[in-house]
file my_file18.pdb (PDB, C-alpha atoms, pLDDT in the B column)
ATOM      1  CA  ALA U   1     -92.306  96.644 -39.488  1.00 61.00           C
ATOM      2  CA  THR U   2     -95.944  97.371 -40.219  1.00 72.00           C
ATOM      3  CA  TYR U   3     -96.036  95.140 -43.266  1.00 73.00           C
ATOM      4  CA  PHE U   4     -93.810  93.213 -45.639  1.00 76.00           C
ATOM      5  CA  THR U   5     -94.377  92.667 -49.332  1.00 79.00           C
ATOM      6  CA  ALA U   6     -93.156  89.830 -51.466  1.00 81.00           C
ATOM      7  CA  ARG U   7     -93.418  88.898 -55.107  1.00 82.00           C
ATOM      8  CA  LEU U   8     -93.591  85.346 -56.338  1.00 85.00           C
ATOM      9  CA  HIS U   9     -92.017  84.104 -59.530  1.00 86.00           C
ATOM     10  CA  ASP U  10     -95.069  81.898 -60.038  1.00 85.00           C
ATOM     11  CA  ALA U  11     -98.247  83.797 -59.100  1.00 79.00           C
ATOM     12  CA  GLU U  12    -100.268  80.587 -59.455  1.00 82.00           C
ATOM     13  CA  ARG U  13     -98.673  79.316 -56.242  1.00 83.00           C
ATOM     14  CA  ALA U  14     -99.829  82.298 -54.145  1.00 84.00           C
ATOM     15  CA  ALA U  15    -102.489  80.325 -52.277  1.00 83.00           C
ATOM     16  CA  ALA U  16    -100.041  77.512 -51.461  1.00 85.00           C
ATOM     17  CA  VAL U  17     -97.374  79.969 -50.241  1.00 84.00           C
ATOM     18  CA  ARG U  18     -99.965  81.775 -48.151  1.00 80.00           C
ATOM     19  CA  GLN U  19    -101.078  78.519 -46.558  1.00 80.00           C
ATOM     20  CA  ARG U  20     -97.477  77.525 -45.841  1.00 80.00           C
ATOM     21  CA  LEU U  21     -96.655  80.907 -44.233  1.00 77.00           C
ATOM     22  CA  ASP U  22     -99.829  80.790 -42.143  1.00 74.00           C
ATOM     23  CA  GLY U  23     -98.648  77.450 -40.762  1.00 73.00           C
ATOM     24  CA  LEU U  24     -95.245  78.679 -39.536  1.00 73.00           C
ATOM     25  CA  ALA U  25     -95.070  78.850 -35.745  1.00 59.00           C
ATOM     26  CA  GLY U  26     -93.064  82.093 -35.494  1.00 65.00           C
ATOM     27  CA  LEU U  27     -95.442  84.109 -37.696  1.00 62.00           C
ATOM     28  CA  HIS U  28     -98.535  83.922 -35.498  1.00 66.00           C
ATOM     29  CA  ARG U  29     -98.467  87.736 -35.059  1.00 72.00           C
ATOM     30  CA  TYR U  30     -98.707  88.276 -38.794  1.00 74.00           C
ATOM     31  CA  GLN U  31    -101.397  87.724 -41.389  1.00 78.00           C
ATOM     32  CA  VAL U  32    -100.679  86.855 -45.000  1.00 80.00           C
ATOM     33  CA  TRP U  33    -102.730  88.541 -47.714  1.00 83.00           C
ATOM     34  CA  GLU U  34    -102.569  88.556 -51.459  1.00 82.00           C
ATOM     35  CA  ALA U  35    -102.238  91.906 -53.247  1.00 81.00           C
ATOM     36  CA  ASP U  36    -105.938  92.427 -53.966  1.00 83.00           C
ATOM     37  CA  GLU U  37    -106.955  91.623 -50.395  1.00 86.00           C
ATOM     38  CA  PHE U  38    -104.207  93.882 -48.998  1.00 86.00           C
ATOM     39  CA  ALA U  39    -105.367  96.746 -51.227  1.00 86.00           C
ATOM     40  CA  GLN U  40    -108.987  96.223 -50.183  1.00 88.00           C
ATOM     41  CA  ARG U  41    -108.094  96.166 -46.473  1.00 88.00           C
ATOM     42  CA  SER U  42    -105.931  99.271 -46.880  1.00 86.00           C
ATOM     43  CA  ARG U  43    -108.784 101.174 -48.543  1.00 83.00           C
ATOM     44  CA  ALA U  44    -111.254 100.050 -45.889  1.00 86.00           C
ATOM     45  CA  PHE U  45    -108.844 101.097 -43.117  1.00 88.00           C
ATOM     46  CA  TRP U  46    -108.309 104.505 -44.692  1.00 84.00           C
ATOM     47  CA  LEU U  47    -112.027 105.078 -45.260  1.00 82.00           C
ATOM     48  CA  PHE U  48    -113.454 103.843 -41.971  1.00 84.00           C
ATOM     49  CA  ASP U  49    -110.740 103.728 -39.303  1.00 84.00           C
ATOM     50  CA  THR U  50    -108.620 106.850 -39.820  1.00 84.00           C
ATOM     51  CA  GLY U  51    -111.355 109.479 -40.001  1.00 82.00           C
ATOM     52  CA  ALA U  52    -109.938 110.772 -43.272  1.00 84.00           C
ATOM     53  CA  GLY U  53    -112.501 108.822 -45.269  1.00 82.00           C
ATOM     54  CA  VAL U  54    -115.380 110.329 -43.317  1.00 84.00           C
ATOM     55  CA  ALA U  55    -113.872 113.772 -43.869  1.00 87.00           C
ATOM     56  CA  VAL U  56    -113.722 113.144 -47.622  1.00 84.00           C
ATOM     57  CA  VAL U  57    -117.358 111.991 -47.684  1.00 83.00           C
ATOM     58  CA  PHE U  58    -118.403 115.040 -45.626  1.00 87.00           C
ATOM     59  CA  MET U  59    -116.487 117.325 -47.992  1.00 88.00           C
ATOM     60  CA  GLY U  60    -118.179 115.638 -50.951  1.00 85.00           C
ATOM     61  CA  VAL U  61    -121.609 116.339 -49.461  1.00 88.00           C
ATOM     62  CA  ILE U  62    -120.664 119.991 -48.890  1.00 91.00           C
ATOM     63  CA  VAL U  63    -119.419 120.263 -52.475  1.00 86.00           C
ATOM     64  CA  LEU U  64    -122.681 118.737 -53.725  1.00 83.00           C
ATOM     65  CA  ILE U  65    -124.738 121.272 -51.748  1.00 87.00           C
ATOM     66  CA  VAL U  66    -122.629 124.261 -52.794  1.00 87.00           C
ATOM     67  CA  GLY U  67    -122.526 123.087 -56.405  1.00 83.00           C
ATOM     68  CA  THR U  68    -126.299 122.675 -56.440  1.00 83.00           C
ATOM     69  CA  VAL U  69    -126.828 126.182 -55.069  1.00 85.00           C
ATOM     70  CA  ILE U  70    -124.389 127.786 -57.519  1.00 86.00           C
ATOM     71  CA  ALA U  71    -125.680 125.888 -60.551  1.00 84.00           C
ATOM     72  CA  GLY U  72    -129.263 126.502 -59.404  1.00 82.00           C
ATOM     73  CA  GLN U  73    -128.636 130.243 -59.135  1.00 85.00           C
ATOM     74  CA  SER U  74    -127.084 130.279 -62.600  1.00 84.00           C
ATOM     75  CA  LEU U  75    -130.010 128.393 -64.095  1.00 84.00           C
ATOM     76  CA  SER U  76    -132.438 130.643 -62.182  1.00 83.00           C
ATOM     77  CA  ALA U  77    -130.829 133.664 -63.792  1.00 84.00           C
ATOM     78  CA  VAL U  78    -131.276 132.078 -67.208  1.00 82.00           C
ATOM     79  CA  VAL U  79    -134.904 131.211 -66.473  1.00 80.00           C
ATOM     80  CA  MET U  80    -135.642 134.736 -65.199  1.00 80.00           C
ATOM     81  CA  SER U  81    -133.968 136.308 -68.217  1.00 81.00           C
ATOM     82  CA  LEU U  82    -136.299 134.244 -70.422  1.00 79.00           C
ATOM     83  CA  ALA U  83    -139.433 134.938 -68.355  1.00 77.00           C
ATOM     84  CA  ARG U  84    -141.208 136.693 -71.240  1.00 78.00           C
ATOM     85  CA  GLU U  85    -140.496 133.813 -73.606  1.00 80.00           C
ATOM     86  CA  TYR U  86    -141.730 131.293 -71.049  1.00 78.00           C
ATOM     87  CA  ALA U  87    -144.813 133.447 -70.483  1.00 79.00           C
ATOM     88  CA  THR U  88    -145.450 133.388 -74.225  1.00 81.00           C
ATOM     89  CA  LEU U  89    -145.157 129.611 -74.295  1.00 80.00           C
ATOM     90  CA  ASN U  90    -147.481 129.408 -71.306  1.00 77.00           C
ATOM     91  CA  ALA U  91    -150.011 131.722 -73.028  1.00 79.00           C
ATOM     92  CA  LEU U  92    -149.874 129.546 -76.140  1.00 83.00           C
ATOM     93  CA  GLY U  93    -150.931 126.566 -74.028  1.00 82.00           C
ATOM     94  CA  GLY U  94    -147.562 125.104 -73.144  1.00 78.00           C
ATOM     95  CA  GLY U  95    -148.460 124.851 -69.470  1.00 79.00           C
ATOM     96  CA  LEU U  96    -146.180 124.848 -66.453  1.00 79.00           C
ATOM     97  CA  ARG U  97    -145.475 121.121 -66.769  1.00 85.00           C
ATOM     98  CA  ALA U  98    -143.967 121.636 -70.241  1.00 84.00           C
ATOM     99  CA  LEU U  99    -142.006 124.667 -69.018  1.00 83.00           C
ATOM    100  CA  ARG U 100    -140.624 122.643 -66.124  1.00 85.00           C
ATOM    101  CA  ALA U 101    -139.546 119.949 -68.591  1.00 87.00           C
ATOM    102  CA  VAL U 102    -137.700 122.607 -70.611  1.00 86.00           C
ATOM    103  CA  VAL U 103    -135.864 123.838 -67.511  1.00 85.00           C
ATOM    104  CA  LEU U 104    -134.905 120.296 -66.498  1.00 88.00           C
ATOM    105  CA  GLU U 105    -133.719 119.615 -70.037  1.00 89.00           C
ATOM    106  CA  LYS U 106    -131.526 122.710 -69.891  1.00 86.00           C
ATOM    107  CA  ALA U 107    -130.143 121.491 -66.580  1.00 86.00           C
ATOM    108  CA  ALA U 108    -129.425 118.077 -68.105  1.00 89.00           C
ATOM    109  CA  TRP U 109    -127.578 119.682 -71.024  1.00 89.00           C
ATOM    110  CA  VAL U 110    -125.504 121.717 -68.572  1.00 85.00           C
ATOM    111  CA  GLY U 111    -124.672 118.429 -66.821  1.00 87.00           C
ATOM    112  CA  VAL U 112    -123.677 116.772 -70.095  1.00 91.00           C
ATOM    113  CA  ALA U 113    -121.442 119.722 -70.999  1.00 90.00           C
ATOM    114  CA  GLY U 114    -119.872 119.600 -67.537  1.00 87.00           C
ATOM    115  CA  LEU U 115    -119.241 115.880 -67.853  1.00 89.00           C
ATOM    116  CA  LEU U 116    -117.609 116.331 -71.256  1.00 93.00           C
ATOM    117  CA  VAL U 117    -115.320 119.131 -70.063  1.00 92.00           C
ATOM    118  CA  GLY U 118    -114.591 117.369 -66.751  1.00 89.00           C
ATOM    119  CA  GLY U 119    -113.975 114.080 -68.538  1.00 90.00           C
ATOM    120  CA  ALA U 120    -111.514 115.692 -70.936  1.00 94.00           C
ATOM    121  CA  ILE U 121    -109.634 117.396 -68.094  1.00 93.00           C
ATOM    122  CA  SER U 122    -109.606 114.172 -66.057  1.00 90.00           C
ATOM    123  CA  ALA U 123    -108.303 112.184 -69.031  1.00 91.00           C
ATOM    124  CA  LEU U 124    -105.556 114.756 -69.551  1.00 94.00           C
ATOM    125  CA  LEU U 125    -104.541 114.625 -65.874  1.00 91.00           C
ATOM    126  CA  LEU U 126    -104.562 110.815 -65.863  1.00 89.00           C
ATOM    127  CA  TRP U 127    -102.435 110.795 -69.011  1.00 91.00           C
ATOM    128  CA  LEU U 128     -99.978 113.267 -67.473  1.00 92.00           C
ATOM    129  CA  GLY U 129     -99.799 111.168 -64.315  1.00 90.00           C
ATOM    130  CA  ALA U 130     -99.127 107.989 -66.293  1.00 89.00           C
ATOM    131  CA  ARG U 131     -96.506 109.775 -68.379  1.00 91.00           C
ATOM    132  CA  HIS U 132     -94.660 110.767 -65.196  1.00 91.00           C
ATOM    133  CA  GLY U 133     -94.901 107.319 -63.652  1.00 89.00           C
ATOM    134  CA  ILE U 134     -97.668 108.102 -61.157  1.00 87.00           C
ATOM    135  CA  PRO U 135     -99.857 105.015 -60.800  1.00 81.00           C
ATOM    136  CA  VAL U 136    -103.508 106.056 -60.673  1.00 81.00           C
ATOM    137  CA  ASP U 137    -106.331 103.552 -60.668  1.00 79.00           C
ATOM    138  CA  VAL U 138    -109.829 104.939 -61.167  1.00 82.00           C
ATOM    139  CA  PRO U 139    -112.330 102.084 -60.980  1.00 83.00           C
ATOM    140  CA  ALA U 140    -115.306 102.078 -63.325  1.00 87.00           C
ATOM    141  CA  GLN U 141    -117.623 102.154 -60.301  1.00 90.00           C
ATOM    142  CA  ALA U 142    -116.025 105.423 -59.128  1.00 86.00           C
ATOM    143  CA  MET U 143    -116.472 106.969 -62.568  1.00 88.00           C
ATOM    144  CA  ALA U 144    -120.099 105.828 -62.692  1.00 91.00           C
ATOM    145  CA  LEU U 145    -120.697 107.281 -59.215  1.00 90.00           C
ATOM    146  CA  CYS U 146    -119.241 110.622 -60.349  1.00 86.00           C
ATOM    147  CA  VAL U 147    -121.560 110.681 -63.369  1.00 89.00           C
ATOM    148  CA  VAL U 148    -124.560 109.944 -61.139  1.00 91.00           C
ATOM    149  CA  VAL U 149    -123.537 112.670 -58.661  1.00 88.00           C
ATOM    150  CA  VAL U 150    -123.143 115.221 -61.462  1.00 87.00           C
ATOM    151  CA  PHE U 151    -126.608 114.402 -62.787  1.00 87.00           C
ATOM    152  CA  VAL U 152    -128.128 114.568 -59.314  1.00 88.00           C
ATOM    153  CA  LEU U 153    -126.489 117.974 -58.903  1.00 86.00           C
ATOM    154  CA  THR U 154    -127.784 119.237 -62.245  1.00 87.00           C
ATOM    155  CA  LEU U 155    -131.310 117.949 -61.646  1.00 87.00           C
ATOM    156  CA  LEU U 156    -131.383 119.482 -58.151  1.00 86.00           C
ATOM    157  CA  SER U 157    -130.165 122.769 -59.605  1.00 86.00           C
ATOM    158  CA  GLY U 158    -132.896 122.506 -62.246  1.00 86.00           C
ATOM    159  CA  LEU U 159    -135.447 122.119 -59.452  1.00 85.00           C
ATOM    160  CA  VAL U 160    -134.008 125.218 -57.760  1.00 83.00           C
ATOM    161  CA  ALA U 161    -134.246 127.110 -61.055  1.00 82.00           C
ATOM    162  CA  MET U 162    -137.928 126.244 -61.426  1.00 80.00           C
ATOM    163  CA  ARG U 163    -138.718 128.935 -58.881  1.00 76.00           C
ATOM    164  CA  GLY U 164    -138.288 131.422 -61.712  1.00 69.00           C
ATOM    165  CA  LEU U 165    -141.137 129.831 -63.643  1.00 72.00           C
ATOM    166  CA  ALA U 166    -143.608 131.637 -61.392  1.00 67.00           C
ATOM    167  CA  ARG U 167    -142.610 134.743 -63.306  1.00 63.00           C
ATOM    168  CA  ALA U 168    -143.610 133.033 -66.563  1.00 63.00           C
ATOM    169  CA  ASN U 169    -147.172 134.210 -66.082  1.00 65.00           C
ATOM    170  CA  PRO U 170    -148.941 135.287 -69.297  1.00 65.00           C
ATOM    171  CA  VAL U 171    -149.935 138.510 -67.475  1.00 67.00           C
ATOM    172  CA  GLU U 172    -146.239 139.490 -67.790  1.00 60.00           C
ATOM    173  CA  LEU U 173    -146.819 139.949 -71.507  1.00 57.00           C
ATOM    174  CA  LEU U 174    -149.271 142.777 -70.862  1.00 58.00           C
ATOM    175  CA  ARG U 175    -146.693 144.941 -69.096  1.00 61.00           C
TER     176      ARG U 175
END
call {"tool": "encode", "arguments": {"input": "my_file18.pdb", "output": "structure tokens"}}
result
Amino acid sequence: ATYFTARLHDAERAAAVRQRLDGLAGLHRYQVWEADEFAQRSRAFWLFDTGAGVAVVFMGVIVLIVGTVIAGQSLSAVVMSLAREYATLNALGGGLRALRAVVLEKAAWVGVAGLLVGGAISALLLWLGARHGIPVDVPAQAMALCVVVVFVLTLLSGLVAMRGLARANPVELLR
């Protein structure tokens, strides 16, 4: 067998049982781990030794790039549709720095809206999974990483959308 699992009546004695099993002569081919250590080793094996983890990371990078391009194009369309308004703000002394701040703020609000919708859908799916007896553990670090990735994506898309600010020239108002 690849592995055996056991449950102790008294979890406080886990270290003593582990030490006793490690000392048995016939078990030299086996290692004894507690549940947390076994879970950690299983995750590390899946991520680094099977190739599947690298594939997931690669797919995540591709999704980040594609998401940035799509969100950036959407924000660019919004910026270009408001070119006359931005040109007016620029003519009134707003300056390109202030206009860039407005575009980045819009991108941040898009990110916040996405996080709210995504968070609600994720909560619903986690609730449905728990209701049907599917054990799902989403660590706080993973959630925090997702929030950071979403904000990186929205800020990168905001930077892509800033290309449209070149059209916010006050000369546009004279046409």
call {"tool": "closest_residue", "arguments": {"input": "my_file18.pdb", "among": "U:Ala107, U:Met59, U:Ile65, U:Ala6", "to": "Val78 (chain U)", "atoms": "only C-alpha atoms"}}
result
U:Ala107
call {"tool": "atom_distance", "arguments": {"input": "my_file18.pdb", "atom1": "CA of Val56 (chain U)", "atom2": "CA of Leu104 (chain U)"}}
result
29.3 Å
call {"tool": "residues_around", "arguments": {"input": "my_file18.pdb", "residues": "Val148 (chain U)", "least_positions_apart": "6", "cutoff": "12 Å", "atoms": "all atoms listed in the file", "output": "CSV table (one decimal) with C-alpha atoms, in the frame of the given file"}}
result
chain,number,residue,atom,x,y,z
U,64,LEU,CA,-122.7,118.7,-53.7
U,108,ALA,CA,-129.4,118.1,-68.1
U,111,GLY,CA,-124.7,118.4,-66.8
U,112,VAL,CA,-123.7,116.8,-70.1
U,115,LEU,CA,-119.2,115.9,-67.9
U,141,GLN,CA,-117.6,102.2,-60.3
U,142,ALA,CA,-116.0,105.4,-59.1
U,154,THR,CA,-127.8,119.2,-62.2
U,155,LEU,CA,-131.3,117.9,-61.6
call {"tool": "residues_around", "arguments": {"input": "my_file18.pdb", "residues": "Ala15 (chain U)", "least_positions_apart": "6", "cutoff": "10 Å", "atoms": "all atoms listed in the file", "output": "list in words"}}
result
Leu21, Val32, Trp33 and Glu34 of chain U
call {"tool": "closest_residue", "arguments": {"input": "my_file18.pdb", "among": "U:Val103, U:Val66, U:Val147, U:Ala35", "to": "Ala83 (chain U)", "atoms": "only C-alpha atoms"}}
result
U:Val103
call {"tool": "closest_residue", "arguments": {"input": "my_file18.pdb", "among": "U:Gly60, U:Gly133, U:Gly53, U:Gly158", "to": "Trp109 (chain U)", "atoms": "all atoms listed in the file"}}
result
U:Gly158
call {"tool": "atom_distance", "arguments": {"input": "my_file18.pdb", "atom1": "CA of Ser157 (chain U)", "atom2": "CA of Ser74 (chain U)"}}
result
8.7 Å
call {"tool": "atom_distance", "arguments": {"input": "my_file18.pdb", "atom1": "CA of Leu47 (chain U)", "atom2": "CA of Pro139 (chain U)"}}
result
16.0 Å
call {"tool": "residues_around", "arguments": {"input": "my_file18.pdb", "residues": "Leu126 (chain U)", "least_positions_apart": "6", "cutoff": "10 Å", "atoms": "only C-alpha atoms", "output": "PyMOL selection string"}}
result
chain U and resi 120+132+134-138
call {"tool": "closest_residue", "arguments": {"input": "my_file18.pdb", "among": "U:Ala16, U:Leu165, U:Leu8, U:Ala113", "to": "Leu89 (chain U)", "atoms": "only C-alpha atoms"}}
result
U:Leu165
call {"tool": "closest_residue", "arguments": {"input": "my_file18.pdb", "among": "U:Leu82, U:Leu75, U:Val150, U:Ala140", "to": "Gly118 (chain U)", "atoms": "only C-alpha atoms"}}
result
U:Val150
call {"tool": "axis_aligned_box", "arguments": {"input": "my_file18.pdb", "around": "region 64-79 of chain U", "padding_each_side": "8 Å", "output": "AutoDock Vina command-line options"}}
result
--center_x -128.7 --center_y 126.2 --center_z -59.5 --size_x 28.4 --size_y 30.9 --size_z 31.5
